[in-house]
$ cat my_file32.pdb   # PDB, C-alpha atoms and all ligand atoms
ATOM      1  CA  MET F 102     -22.845 -40.521  66.927
ATOM      2  CA  ILE F 103     -24.203 -38.536  69.849
ATOM      3  CA  LEU F 104     -26.387 -35.685  68.612
ATOM      4  CA  LEU F 105     -27.649 -34.344  71.914
ATOM      5  CA  GLU F 106     -26.569 -34.954  75.464
ATOM      6  CA  THR F 107     -27.419 -33.613  78.894
ATOM      7  CA  GLU F 108     -24.973 -33.652  81.761
ATOM      8  CA  ALA F 109     -26.448 -33.890  85.266
ATOM      9  CA  LEU F 110     -29.365 -31.735  84.142
ATOM     10  CA  THR F 111     -31.381 -30.503  87.104
ATOM     11  CA  ARG F 112     -34.490 -28.330  87.264
ATOM     12  CA  ALA F 113     -35.977 -27.490  90.642
ATOM     13  CA  TYR F 114     -39.125 -25.463  91.244
ATOM     14  CA  GLY F 115     -38.824 -24.365  94.849
ATOM     15  CA  GLY F 116     -38.687 -27.624  96.761
ATOM     16  CA  VAL F 117     -39.812 -29.789  93.839
ATOM     17  CA  VAL F 118     -36.887 -31.269  91.936
ATOM     18  CA  ALA F 119     -38.665 -32.006  88.649
ATOM     19  CA  VAL F 120     -35.506 -33.234  86.896
ATOM     20  CA  ASN F 121     -32.683 -34.515  89.032
ATOM     21  CA  LYS F 122     -29.130 -34.882  87.655
ATOM     22  CA  VAL F 123     -30.237 -36.545  84.445
ATOM     23  CA  ASP F 124     -27.705 -37.703  81.855
ATOM     24  CA  PHE F 125     -29.783 -38.132  78.735
ATOM     25  CA  VAL F 126     -28.273 -39.200  75.431
ATOM     26  CA  VAL F 127     -29.719 -38.981  71.937
ATOM     27  CA  GLU F 128     -27.937 -40.937  69.216
ATOM     28  CA  SER F 129     -28.218 -39.519  65.754
ATOM     29  CA  GLY F 130     -30.503 -41.460  63.390
ATOM     30  CA  LEU F 131     -32.374 -43.353  66.100
ATOM     31  CA  ILE F 132     -35.868 -43.022  67.525
ATOM     32  CA  THR F 133     -35.475 -42.455  71.260
ATOM     33  CA  GLY F 134     -38.373 -42.928  73.682
ATOM     34  CA  LEU F 135     -38.713 -41.082  76.978
ATOM     35  CA  ILE F 136     -41.191 -42.740  79.319
ATOM     36  CA  GLY F 137     -42.183 -42.732  82.969
ATOM     37  CA  PRO F 138     -45.120 -42.076  85.310
ATOM     38  CA  ASN F 139     -47.087 -38.805  85.351
ATOM     39  CA  GLY F 140     -44.996 -36.058  86.924
ATOM     40  CA  ALA F 141     -41.721 -37.937  86.361
ATOM     41  CA  GLY F 142     -40.173 -34.878  84.705
ATOM     42  CA  LYS F 143     -40.392 -35.823  81.021
ATOM     43  CA  THR F 144     -41.891 -32.559  79.747
ATOM     44  CA  THR F 145     -39.605 -30.557  82.039
ATOM     45  CA  LEU F 146     -36.600 -32.328  80.523
ATOM     46  CA  PHE F 147     -37.886 -31.461  77.012
ATOM     47  CA  ASN F 148     -38.431 -27.818  78.038
ATOM     48  CA  ASN F 149     -34.906 -27.577  79.390
ATOM     49  CA  MET F 150     -33.363 -28.983  76.216
ATOM     50  CA  THR F 151     -35.387 -26.755  73.865
ATOM     51  CA  GLY F 152     -34.963 -23.385  75.565
ATOM     52  CA  LEU F 153     -38.450 -23.091  77.033
ATOM     53  CA  ASP F 154     -37.030 -23.375  80.494
ATOM     54  CA  VAL F 155     -33.576 -22.869  81.984
ATOM     55  CA  PRO F 156     -31.912 -25.619  84.028
ATOM     56  CA  SER F 157     -31.097 -24.965  87.674
ATOM     57  CA  SER F 158     -27.814 -26.743  87.024
ATOM     58  CA  GLY F 159     -26.231 -29.100  84.550
ATOM     59  CA  LYS F 160     -25.592 -28.739  80.835
ATOM     60  CA  VAL F 161     -27.092 -29.474  77.431
ATOM     61  CA  PHE F 162     -24.930 -30.162  74.385
ATOM     62  CA  PHE F 163     -26.180 -30.290  70.793
ATOM     63  CA  ASN F 164     -23.645 -31.344  68.185
ATOM     64  CA  LYS F 165     -21.065 -30.939  70.958
ATOM     65  CA  LYS F 166     -22.007 -27.263  71.379
ATOM     66  CA  ASN F 167     -23.099 -26.066  74.778
ATOM     67  CA  ILE F 168     -26.665 -24.794  74.293
ATOM     68  CA  THR F 169     -27.603 -24.578  77.975
ATOM     69  CA  GLY F 170     -29.926 -21.663  78.664
ATOM     70  CA  LEU F 171     -30.062 -20.412  75.057
ATOM     71  CA  PRO F 172     -33.444 -18.977  74.012
ATOM     72  CA  ALA F 173     -35.917 -21.207  72.172
ATOM     73  CA  HIS F 174     -35.668 -19.410  68.816
ATOM     74  CA  THR F 175     -31.869 -19.755  68.791
ATOM     75  CA  ILE F 176     -32.096 -23.456  69.572
ATOM     76  CA  CYS F 177     -34.744 -23.842  66.862
ATOM     77  CA  ARG F 178     -32.486 -22.188  64.298
ATOM     78  CA  MET F 179     -29.673 -24.533  65.299
ATOM     79  CA  GLY F 180     -31.871 -27.442  64.191
ATOM     80  CA  ILE F 181     -34.057 -28.593  67.071
ATOM     81  CA  ALA F 182     -37.853 -28.560  66.716
ATOM     82  CA  ARG F 183     -40.638 -29.743  68.990
ATOM     83  CA  THR F 184     -44.340 -30.244  69.496
ATOM     84  CA  PHE F 185     -46.283 -29.823  72.720
ATOM     85  CA  GLN F 186     -48.281 -32.109  74.982
ATOM     86  CA  ASN F 187     -51.433 -30.050  74.316
ATOM     87  CA  ILE F 188     -52.367 -29.088  70.771
ATOM     88  CA  ARG F 189     -51.034 -25.650  69.920
ATOM     89  CA  LEU F 190     -52.366 -24.911  66.457
ATOM     90  CA  PHE F 191     -53.698 -21.662  65.091
ATOM     91  CA  LYS F 192     -57.174 -23.076  64.744
ATOM     92  CA  GLU F 193     -58.626 -20.183  62.764
ATOM     93  CA  LEU F 194     -55.831 -20.319  60.187
ATOM     94  CA  THR F 195     -55.714 -22.765  57.307
ATOM     95  CA  VAL F 196     -53.698 -25.950  57.335
ATOM     96  CA  VAL F 197     -51.051 -24.579  54.969
ATOM     97  CA  GLU F 198     -50.790 -21.316  56.932
ATOM     98  CA  ASN F 199     -50.071 -23.294  60.067
ATOM     99  CA  VAL F 200     -47.143 -24.997  58.365
ATOM    100  CA  MET F 201     -45.912 -21.718  56.854
ATOM    101  CA  ILE F 202     -45.662 -20.249  60.339
ATOM    102  CA  GLY F 203     -43.100 -22.908  61.194
ATOM    103  CA  ARG F 204     -41.054 -21.927  58.171
ATOM    104  CA  HIS F 205     -41.260 -18.218  59.020
ATOM    105  CA  PHE F 206     -39.992 -19.045  62.470
ATOM    106  CA  LYS F 207     -36.921 -20.579  60.880
ATOM    107  CA  THR F 208     -36.109 -17.955  58.248
ATOM    108  CA  GLY F 209     -37.144 -14.869  60.243
ATOM    109  CA  LYS F 210     -38.286 -11.809  58.329
ATOM    110  CA  SER F 211     -35.603  -9.221  57.676
ATOM    111  CA  GLU F 212     -36.708  -5.702  58.523
ATOM    112  CA  THR F 213     -37.095  -3.317  55.618
ATOM    113  CA  LYS F 214     -34.643  -0.549  56.422
ATOM    114  CA  GLY F 215     -33.648   2.635  54.666
ATOM    115  CA  ARG F 216     -34.406   3.919  51.232
ATOM    116  CA  PHE F 217     -37.322   3.526  48.902
ATOM    117  CA  LEU F 218     -35.533   1.341  46.324
ATOM    118  CA  ASN F 219     -34.274  -0.879  49.040
ATOM    119  CA  ALA F 220     -37.823  -1.139  50.247
ATOM    120  CA  ILE F 221     -39.046  -2.205  46.788
ATOM    121  CA  ASN F 222     -36.227  -4.716  46.467
ATOM    122  CA  SER F 223     -37.039  -6.102  49.846
ATOM    123  CA  TYR F 224     -40.692  -6.296  48.909
ATOM    124  CA  VAL F 225     -39.927  -8.300  45.742
ATOM    125  CA  HIS F 226     -37.551 -10.468  47.701
ATOM    126  CA  MET F 227     -40.186 -10.940  50.370
ATOM    127  CA  LYS F 228     -42.776 -12.020  47.803
ATOM    128  CA  GLN F 229     -40.353 -14.565  46.367
ATOM    129  CA  GLU F 230     -39.486 -15.789  49.785
ATOM    130  CA  GLU F 231     -43.168 -16.052  50.662
ATOM    131  CA  GLU F 232     -43.754 -18.190  47.566
ATOM    132  CA  GLN F 233     -40.880 -20.465  48.497
ATOM    133  CA  ILE F 234     -42.248 -20.788  51.996
ATOM    134  CA  TYR F 235     -45.653 -21.676  50.561
ATOM    135  CA  GLU F 236     -44.149 -24.301  48.217
ATOM    136  CA  LYS F 237     -42.110 -25.815  51.002
ATOM    137  CA  ALA F 238     -45.166 -25.958  53.273
ATOM    138  CA  CYS F 239     -47.103 -27.724  50.498
ATOM    139  CA  ASP F 240     -44.261 -30.259  50.165
ATOM    140  CA  TRP F 241     -44.571 -31.076  53.840
ATOM    141  CA  LEU F 242     -48.336 -31.433  53.540
ATOM    142  CA  ASP F 243     -47.732 -33.834  50.647
ATOM    143  CA  PHE F 244     -45.387 -35.824  52.855
ATOM    144  CA  PHE F 245     -48.204 -36.136  55.412
ATOM    145  CA  GLY F 246     -50.797 -36.972  52.752
ATOM    146  CA  MET F 247     -52.622 -33.758  53.642
ATOM    147  CA  ALA F 248     -52.204 -31.765  50.449
ATOM    148  CA  SER F 249     -55.914 -31.895  49.661
ATOM    149  CA  MET F 250     -56.693 -30.367  53.067
ATOM    150  CA  LYS F 251     -54.358 -27.389  52.742
ATOM    151  CA  ASN F 252     -57.097 -24.745  52.551
ATOM    152  CA  GLU F 253     -59.237 -26.153  55.362
ATOM    153  CA  LEU F 254     -59.233 -24.346  58.685
ATOM    154  CA  ALA F 255     -57.039 -26.241  61.128
ATOM    155  CA  LYS F 256     -59.938 -26.557  63.570
ATOM    156  CA  ASN F 257     -61.951 -28.548  61.010
ATOM    157  CA  LEU F 258     -59.403 -31.372  60.704
ATOM    158  CA  PRO F 259     -60.014 -34.653  62.526
ATOM    159  CA  TYR F 260     -58.129 -34.819  65.823
ATOM    160  CA  GLY F 261     -55.380 -37.165  64.626
ATOM    161  CA  ARG F 262     -54.708 -34.942  61.631
ATOM    162  CA  GLN F 263     -54.455 -31.862  63.848
ATOM    163  CA  ARG F 264     -51.742 -33.601  65.844
ATOM    164  CA  GLU F 265     -49.890 -34.534  62.662
ATOM    165  CA  LEU F 266     -50.239 -30.968  61.411
ATOM    166  CA  GLU F 267     -48.307 -29.813  64.472
ATOM    167  CA  ILE F 268     -45.544 -32.215  63.514
ATOM    168  CA  ALA F 269     -45.602 -30.839  59.955
ATOM    169  CA  ARG F 270     -45.222 -27.323  61.325
ATOM    170  CA  ALA F 271     -42.259 -28.394  63.471
ATOM    171  CA  LEU F 272     -40.654 -30.082  60.441
ATOM    172  CA  ALA F 273     -41.026 -26.901  58.397
ATOM    173  CA  THR F 274     -38.187 -25.452  60.471
ATOM    174  CA  ASP F 275     -35.879 -28.080  58.867
ATOM    175  CA  PRO F 276     -34.722 -29.703  62.079
ATOM    176  CA  LYS F 277     -32.009 -32.316  62.536
ATOM    177  CA  LEU F 278     -33.669 -33.292  65.805
ATOM    178  CA  LEU F 279     -37.409 -33.464  66.523
ATOM    179  CA  PHE F 280     -38.953 -33.697  69.996
ATOM    180  CA  LEU F 281     -42.542 -34.976  70.221
ATOM    181  CA  ASP F 282     -44.371 -34.637  73.549
ATOM    182  CA  GLU F 283     -47.079 -37.334  73.664
ATOM    183  CA  PRO F 284     -47.899 -37.260  69.961
ATOM    184  CA  ALA F 285     -50.440 -40.106  70.240
ATOM    185  CA  ALA F 286     -52.346 -38.664  73.207
ATOM    186  CA  GLY F 287     -56.074 -38.816  72.530
ATOM    187  CA  MET F 288     -55.671 -40.710  69.258
ATOM    188  CA  ASN F 289     -57.751 -43.758  68.360
ATOM    189  CA  PRO F 290     -55.892 -46.975  67.361
ATOM    190  CA  GLN F 291     -56.110 -46.224  63.625
ATOM    191  CA  GLU F 292     -54.733 -42.716  64.137
ATOM    192  CA  THR F 293     -51.939 -44.135  66.299
ATOM    193  CA  ASP F 294     -50.996 -46.657  63.600
ATOM    194  CA  HIS F 295     -50.886 -43.861  61.030
ATOM    195  CA  LEU F 296     -48.714 -41.800  63.364
ATOM    196  CA  MET F 297     -46.290 -44.699  63.863
ATOM    197  CA  ALA F 298     -45.814 -45.010  60.120
ATOM    198  CA  THR F 299     -45.324 -41.246  59.869
ATOM    199  CA  ILE F 300     -42.653 -41.196  62.584
ATOM    200  CA  ARG F 301     -40.762 -43.953  60.780
ATOM    201  CA  LYS F 302     -40.942 -41.948  57.556
ATOM    202  CA  ILE F 303     -39.532 -38.927  59.385
ATOM    203  CA  ARG F 304     -36.659 -41.030  60.719
ATOM    204  CA  ASP F 305     -36.016 -42.198  57.150
ATOM    205  CA  LEU F 306     -35.500 -38.545  56.164
ATOM    206  CA  ASP F 307     -32.464 -38.637  58.473
ATOM    207  CA  ILE F 308     -34.227 -36.633  61.176
ATOM    208  CA  THR F 309     -33.548 -37.887  64.686
ATOM    209  CA  VAL F 310     -36.723 -38.291  66.750
ATOM    210  CA  VAL F 311     -37.191 -38.220  70.530
ATOM    211  CA  LEU F 312     -40.676 -38.910  71.816
ATOM    212  CA  ILE F 313     -42.448 -38.877  75.143
ATOM    213  CA  GLU F 314     -45.333 -41.333  75.084
ATOM    214  CA  HIS F 315     -47.616 -43.296  77.383
ATOM    215  CA  ASP F 316     -48.851 -45.576  74.581
ATOM    216  CA  MET F 317     -46.584 -48.581  75.176
ATOM    217  CA  LYS F 318     -47.536 -50.300  71.931
ATOM    218  CA  LEU F 319     -46.238 -47.293  70.027
ATOM    219  CA  VAL F 320     -43.134 -46.907  72.181
ATOM    220  CA  MET F 321     -42.128 -50.567  72.110
ATOM    221  CA  ASN F 322     -42.802 -50.824  68.378
ATOM    222  CA  ILE F 323     -40.930 -47.866  67.011
ATOM    223  CA  CYS F 324     -38.246 -46.867  69.510
ATOM    224  CA  ASP F 325     -34.684 -48.083  69.036
ATOM    225  CA  THR F 326     -33.795 -47.054  72.570
ATOM    226  CA  ILE F 327     -35.783 -45.964  75.621
ATOM    227  CA  THR F 328     -34.929 -43.865  78.673
ATOM    228  CA  VAL F 329     -37.128 -44.145  81.757
ATOM    229  CA  LEU F 330     -37.590 -41.311  84.236
ATOM    230  CA  ASN F 331     -39.056 -41.725  87.697
ATOM    231  CA  TYR F 332     -39.347 -38.926  90.267
ATOM    232  CA  GLY F 333     -37.068 -36.756  88.132
ATOM    233  CA  GLN F 334     -34.288 -39.330  87.986
ATOM    234  CA  LYS F 335     -33.107 -41.620  85.235
ATOM    235  CA  LEU F 336     -34.262 -45.071  86.219
ATOM    236  CA  ALA F 337     -33.119 -47.040  83.186
ATOM    237  CA  GLN F 338     -32.015 -46.878  79.598
ATOM    238  CA  GLY F 339     -31.956 -49.652  77.002
ATOM    239  CA  THR F 340     -33.635 -51.363  74.087
ATOM    240  CA  PRO F 341     -37.422 -51.897  74.226
ATOM    241  CA  ARG F 342     -36.758 -55.523  75.142
ATOM    242  CA  GLU F 343     -34.436 -54.620  77.995
ATOM    243  CA  ILE F 344     -36.833 -51.976  79.312
ATOM    244  CA  LYS F 345     -39.835 -54.313  79.128
ATOM    245  CA  HIS F 346     -38.034 -56.846  81.326
ATOM    246  CA  ASN F 347     -36.322 -54.426  83.710
ATOM    247  CA  PRO F 348     -37.716 -55.178  87.202
ATOM    248  CA  SER F 349     -37.417 -51.596  88.498
ATOM    249  CA  VAL F 350     -39.210 -50.238  85.407
ATOM    250  CA  ILE F 351     -41.955 -52.826  85.833
ATOM    251  CA  GLU F 352     -42.251 -51.857  89.486
ATOM    252  CA  ALA F 353     -42.291 -48.088  88.898
ATOM    253  CA  TYR F 354     -44.259 -47.824  85.676
ATOM    254  CA  LEU F 355     -45.092 -50.737  83.437
ATOM    255  CA  GLY F 356     -46.678 -53.061  85.982
ATOM    256  CA  LYS F 357     -46.654 -56.834  85.718
ATOM    257  CA  GLU F 358     -47.568 -58.193  82.331
ATOM    258  CA  GLU F 359     -50.602 -60.430  82.397
ATOM    259  CA  GLU F 360     -49.976 -63.992  81.437
TER     260      GLU F 360
HETATM  261  N1  LIG F 401     -43.524 -24.523  86.028
HETATM  262  C1  LIG F 401     -43.583 -25.357  87.067
HETATM  263  N2  LIG F 401     -43.679 -24.914  88.332
HETATM  264  C2  LIG F 401     -43.734 -25.765  89.365
HETATM  265  N3  LIG F 401     -43.691 -27.113  89.254
HETATM  266  C3  LIG F 401     -43.621 -27.611  88.022
HETATM  267  C4  LIG F 401     -43.561 -26.781  86.864
HETATM  268  N4  LIG F 401     -43.475 -27.576  85.772
HETATM  269  C5  LIG F 401     -43.473 -28.835  86.228
HETATM  270  N5  LIG F 401     -43.569 -28.873  87.575
HETATM  271  C6  LIG F 401     -43.574 -30.088  88.416
HETATM  272  O1  LIG F 401     -42.491 -30.878  88.014
HETATM  273  C7  LIG F 401     -42.825 -32.264  88.024
HETATM  274  C8  LIG F 401     -42.588 -32.872  86.655
HETATM  275  O2  LIG F 401     -43.566 -32.396  85.754
HETATM  276  P1  LIG F 401     -43.560 -32.760  84.208
HETATM  277  O3  LIG F 401     -44.662 -31.991  83.579
HETATM  278  O4  LIG F 401     -42.207 -32.591  83.666
HETATM  279  O5  LIG F 401     -43.932 -34.319  84.248
HETATM  280  P2  LIG F 401     -44.215 -35.336  83.049
HETATM  281  O6  LIG F 401     -43.305 -36.492  83.236
HETATM  282  O7  LIG F 401     -44.195 -34.626  81.766
HETATM  283  O8  LIG F 401     -45.710 -35.817  83.399
HETATM  284  P3  LIG F 401     -46.950 -36.194  82.433
HETATM  285  O9  LIG F 401     -46.725 -37.616  81.973
HETATM  286  O10 LIG F 401     -48.133 -36.108  83.334
HETATM  287  O11 LIG F 401     -46.994 -35.209  81.328
HETATM  288  C9  LIG F 401     -44.260 -32.343  88.512
HETATM  289  O12 LIG F 401     -44.243 -32.558  89.892
HETATM  290  C10 LIG F 401     -44.792 -30.961  88.192
HETATM  291  O13 LIG F 401     -45.849 -30.610  89.058
HETATM  292 MG    MG F 402     -45.573 -34.201  80.286
END
$ encode --input "my_file32.pdb" --output "structure tokens"
Amino acid sequence: MILLETEALTRAYGGVVAVNKVDFVVESGLITGLIGPNGAGKTTLFNNMTGLDVPSSGKVFFNKKNITGLPAHTICRMGIARTFQNIRLFKELTVVENVMIGRHFKTGKSETKGRFLNAINSYVHMKQEEEQIYEKACDWLDFFGMASMKNELAKNLPYGRQRELEIARALATDPKLLFLDEPAAGMNPQETDHLMATIRKIRDLDITVVLIEHDMKLVMNICDTITVLNYGQKLAQGTPREIKHNPSVIEAYLGKEEE
């Protein structure tokens, strides 16, 4: 089943056409890779599907609903979450607080309006809600094997764990679809292996994953399907095997494999 789809999505910045009439398809339940040279338009495509940027033309459909141009928080509440190419943690907050922020983003705090009793009721409700948010955040940390680190400051975690913490925060919004922008960037091989296992576990929770990545070992190992962008255009789409042997992909990005 198609979960997300773009139709001739285009984003131009002045004369630079960063994304050029791209038809991108995400099948529910699969891990989809998005690859291509630097500047190919991968992050721009992500931004235009998640409400961080508005397409110049073309459309985005999620669950068959037209979500083109909707603001990021609306798209998030519909069930799409993401991480960023550069780490965006609250480094002076604890690990668990970082995850709780994701959850708050999803639930949104209702304003306390009106009378005193209402205010007290809201306060009690808020406390209960806060506890639930805390519990839920701890569950996610458990899932990542990070429960023992929950009270550490985010900045004190090893690099690979900081990147996984961002994923935990995105998952705290309860997405159906998760976009990861270069999750393995800067990781050592052990951290990358751990990340691969984590992404598979996320897929097993019935969360559809789309990832941008330059680490070809990771991409070829865990993706069910791969789309290749080059100069803003879709160059190819297929299984890892098909992509690995596609002459135009080899020419534009992968290079010739050494014998
Ligand atoms: N806000 C912007 N204003 C102007 N040009 C932009 C903007 N954002 C992206 N671009 C340009 O659009 C093109 C695509 O950039 P994008 O960041 O999407 O590439 P990418 O495939 O994610 O590359 P990388 O692998 O290096 O992250 C580049 O030429 C970039 O300079
Ligand atoms: Mg990018």
$ residues_near_ligand --input "my_file32.pdb" --ligand "ligand LIG 401 (chain F)" --cutoff "7 Å" --atoms "all atoms listed in the file" --output "list in words"
Tyr114, Val117, Val118, Ala119, Gly137, Pro138, Asn139, Gly140, Ala141, Gly142, Lys143, Thr144, Thr145, Leu146 and Gly333 of chain F
$ closest_atom_pairs --input "my_file32.pdb" --of "range 128-219 of chain F" --to "range 268-277 of chain F" --cutoff "12 Å" --atoms "all atoms listed in the file" --output "tab-separated table"
residue	atom	partner	partner_atom	distance
F:Glu128	CA	F:Lys277	CA	11.6
F:Ser129	CA	F:Lys277	CA	8.8
F:Gly130	CA	F:Lys277	CA	9.3
F:Leu131	CA	F:Lys277	CA	11.6
F:Phe163	CA	F:Lys277	CA	10.3
F:Asn164	CA	F:Lys277	CA	10.1
F:His174	CA	F:Thr274	CA	10.6
F:Thr175	CA	F:Thr274	CA	11.9
F:Ile176	CA	F:Pro276	CA	10.1
F:Cys177	CA	F:Thr274	CA	7.4
F:Arg178	CA	F:Thr274	CA	7.6
F:Met179	CA	F:Pro276	CA	7.9
F:Gly180	CA	F:Pro276	CA	4.2
F:Ile181	CA	F:Pro276	CA	5.2
F:Ala182	CA	F:Ala271	CA	5.5
F:Arg183	CA	F:Ala271	CA	5.9
F:Thr184	CA	F:Ile268	CA	6.4
F:Phe185	CA	F:Ile268	CA	9.5
F:Gln186	CA	F:Ile268	CA	11.8
F:Ile188	CA	F:Ile268	CA	10.4
F:Arg189	CA	F:Arg270	CA	10.5
F:Leu190	CA	F:Arg270	CA	9.1
F:Phe191	CA	F:Arg270	CA	10.9
F:Val196	CA	F:Arg270	CA	9.5
F:Val197	CA	F:Arg270	CA	9.1
F:Glu198	CA	F:Arg270	CA	9.3
F:Asn199	CA	F:Arg270	CA	6.4
F:Val200	CA	F:Arg270	CA	4.2
F:Met201	CA	F:Arg270	CA	7.2
F:Ile202	CA	F:Arg270	CA	7.2
F:Gly203	CA	F:Arg270	CA	4.9
F:Arg204	CA	F:Ala273	CA	5.0
F:His205	CA	F:Thr274	CA	8.0
F:Phe206	CA	F:Thr274	CA	7.0
F:Lys207	CA	F:Thr274	CA	5.1
F:Thr208	CA	F:Thr274	CA	8.1
F:Gly209	CA	F:Thr274	CA	10.6
$ write_last_selection --input "my_file32.pdb" --atoms "C-alpha atoms" --output "PDB file, keeping the file's coordinate frame"
ATOM      1  CA  GLU F 128     -27.937 -40.937  69.216  1.00  0.00           C
ATOM      2  CA  SER F 129     -28.218 -39.519  65.754  1.00  0.00           C
ATOM      3  CA  GLY F 130     -30.503 -41.460  63.390  1.00  0.00           C
ATOM      4  CA  LEU F 131     -32.374 -43.353  66.100  1.00  0.00           C
ATOM      5  CA  PHE F 163     -26.180 -30.290  70.793  1.00  0.00           C
ATOM      6  CA  ASN F 164     -23.645 -31.344  68.185  1.00  0.00           C
ATOM      7  CA  HIS F 174     -35.668 -19.410  68.816  1.00  0.00           C
ATOM      8  CA  THR F 175     -31.869 -19.755  68.791  1.00  0.00           C
ATOM      9  CA  ILE F 176     -32.096 -23.456  69.572  1.00  0.00           C
ATOM     10  CA  CYS F 177     -34.744 -23.842  66.862  1.00  0.00           C
ATOM     11  CA  ARG F 178     -32.486 -22.188  64.298  1.00  0.00           C
ATOM     12  CA  MET F 179     -29.673 -24.533  65.299  1.00  0.00           C
ATOM     13  CA  GLY F 180     -31.871 -27.442  64.191  1.00  0.00           C
ATOM     14  CA  ILE F 181     -34.057 -28.593  67.071  1.00  0.00           C
ATOM     15  CA  ALA F 182     -37.853 -28.560  66.716  1.00  0.00           C
ATOM     16  CA  ARG F 183     -40.638 -29.743  68.990  1.00  0.00           C
ATOM     17  CA  THR F 184     -44.340 -30.244  69.496  1.00  0.00           C
ATOM     18  CA  PHE F 185     -46.283 -29.823  72.720  1.00  0.00           C
ATOM     19  CA  GLN F 186     -48.281 -32.109  74.982  1.00  0.00           C
ATOM     20  CA  ILE F 188     -52.367 -29.088  70.771  1.00  0.00           C
ATOM     21  CA  ARG F 189     -51.034 -25.650  69.920  1.00  0.00           C
ATOM     22  CA  LEU F 190     -52.366 -24.911  66.457  1.00  0.00           C
ATOM     23  CA  PHE F 191     -53.698 -21.662  65.091  1.00  0.00           C
ATOM     24  CA  VAL F 196     -53.698 -25.950  57.335  1.00  0.00           C
ATOM     25  CA  VAL F 197     -51.051 -24.579  54.969  1.00  0.00           C
ATOM     26  CA  GLU F 198     -50.790 -21.316  56.932  1.00  0.00           C
ATOM     27  CA  ASN F 199     -50.071 -23.294  60.067  1.00  0.00           C
ATOM     28  CA  VAL F 200     -47.143 -24.997  58.365  1.00  0.00           C
ATOM     29  CA  MET F 201     -45.912 -21.718  56.854  1.00  0.00           C
ATOM     30  CA  ILE F 202     -45.662 -20.249  60.339  1.00  0.00           C
ATOM     31  CA  GLY F 203     -43.100 -22.908  61.194  1.00  0.00           C
ATOM     32  CA  ARG F 204     -41.054 -21.927  58.171  1.00  0.00           C
ATOM     33  CA  HIS F 205     -41.260 -18.218  59.020  1.00  0.00           C
ATOM     34  CA  PHE F 206     -39.992 -19.045  62.470  1.00  0.00           C
ATOM     35  CA  LYS F 207     -36.921 -20.579  60.880  1.00  0.00           C
ATOM     36  CA  THR F 208     -36.109 -17.955  58.248  1.00  0.00           C
ATOM     37  CA  GLY F 209     -37.144 -14.869  60.243  1.00  0.00           C
TER      38      GLY F 209
END
$ closest_residue --input "my_file32.pdb" --among "F:Thr107, F:Thr299, F:Thr328, F:Asn187" --to "ligand MG 402 (chain F)" --atoms "all atoms listed in the file"
F:Asn187
$ residues_around --input "my_file32.pdb" --residues "Ala255 in chain F" --least-positions-apart "5" --cutoff "7 Å" --atoms "only C-alpha atoms" --output "list of chain:residue names"
F:Phe191, F:Lys192, F:Glu193, F:Leu194, F:Thr195, F:Val196, F:Gln263
$ resolve_selection --input "my_file32.pdb" --expression "the PyMOL selection byres (((chain F and resi 287) around 12) and not hetatm)" --output "PyMOL selection string"
chain F and resi 186-188+259-264+283-286+288-293+314-316
$ atom_distance --input "my_file32.pdb" --atom1 "CA of Val350 in chain F" --atom2 "CA of Val310 in chain F"
22.3 Å
$ atom_distance --input "my_file32.pdb" --atom1 "CA of Lys160 in chain F" --atom2 "CA of Ile344 in chain F"
25.9 Å
$ residues_around --input "my_file32.pdb" --residues "Leu171 in chain F" --least-positions-apart "5" --cutoff "9 Å" --atoms "only C-alpha atoms" --output "PyMOL selection string"
chain F and resi 151-152+155+176
$ closest_residue --input "my_file32.pdb" --among "F:Ile313, F:Ala109, F:Asp240, F:Val329" --to "ligand MG 402 (chain F)" --atoms "only C-alpha atoms and all ligand atoms"
F:Ile313
$ atom_distance --input "my_file32.pdb" --atom1 "CA of Pro348 in chain F" --atom2 "CA of Leu110 in chain F"
25.1 Å
$ resolve_selection --input "my_file32.pdb" --expression "the PyMOL selection byres (((chain F and resi 327) around 8) and not hetatm)" --output "list in words"
Thr133, Gly134, Leu135, Ile136, Cys324, Asp325, Thr326, Thr328, Val329, Gln338, Gly339, Thr340, Pro341 and Ile344 of chain F
$ closest_residue --input "my_file32.pdb" --among "F:Leu279, F:Leu336, F:Leu254, F:Leu330" --to "ligand MG 402 (chain F)" --atoms "only C-alpha atoms and all ligand atoms"
F:Leu330
$ build_atoms --input "my_file32.pdb" --residues "range 260-266 of chain F" --atoms "N, CA and C atoms" --output "compact mmCIF listing (two decimals), keeping the file's coordinate frame"
# COMPACT_ATOMS: atom_id res chain seq x y z
N TYR F 260 -59.10 -34.97 64.74
CA TYR F 260 -58.13 -34.82 65.82
C TYR F 260 -56.73 -35.34 65.46
N GLY F 261 -56.68 -36.56 64.94
CA GLY F 261 -55.38 -37.16 64.63
C GLY F 261 -54.61 -36.35 63.60
N ARG F 262 -55.34 -35.78 62.65
CA ARG F 262 -54.71 -34.94 61.63
C ARG F 262 -54.21 -33.64 62.22
N GLN F 263 -54.92 -33.09 63.19
CA GLN F 263 -54.46 -31.86 63.85
C GLN F 263 -53.11 -32.12 64.53
N ARG F 264 -53.01 -33.29 65.16
CA ARG F 264 -51.74 -33.60 65.84
C ARG F 264 -50.61 -33.77 64.83
N GLU F 265 -50.93 -34.37 63.68
CA GLU F 265 -49.89 -34.53 62.66
C GLU F 265 -49.53 -33.19 62.03
N LEU F 266 -50.51 -32.30 61.95
CA LEU F 266 -50.24 -30.97 61.41
C LEU F 266 -49.21 -30.23 62.28
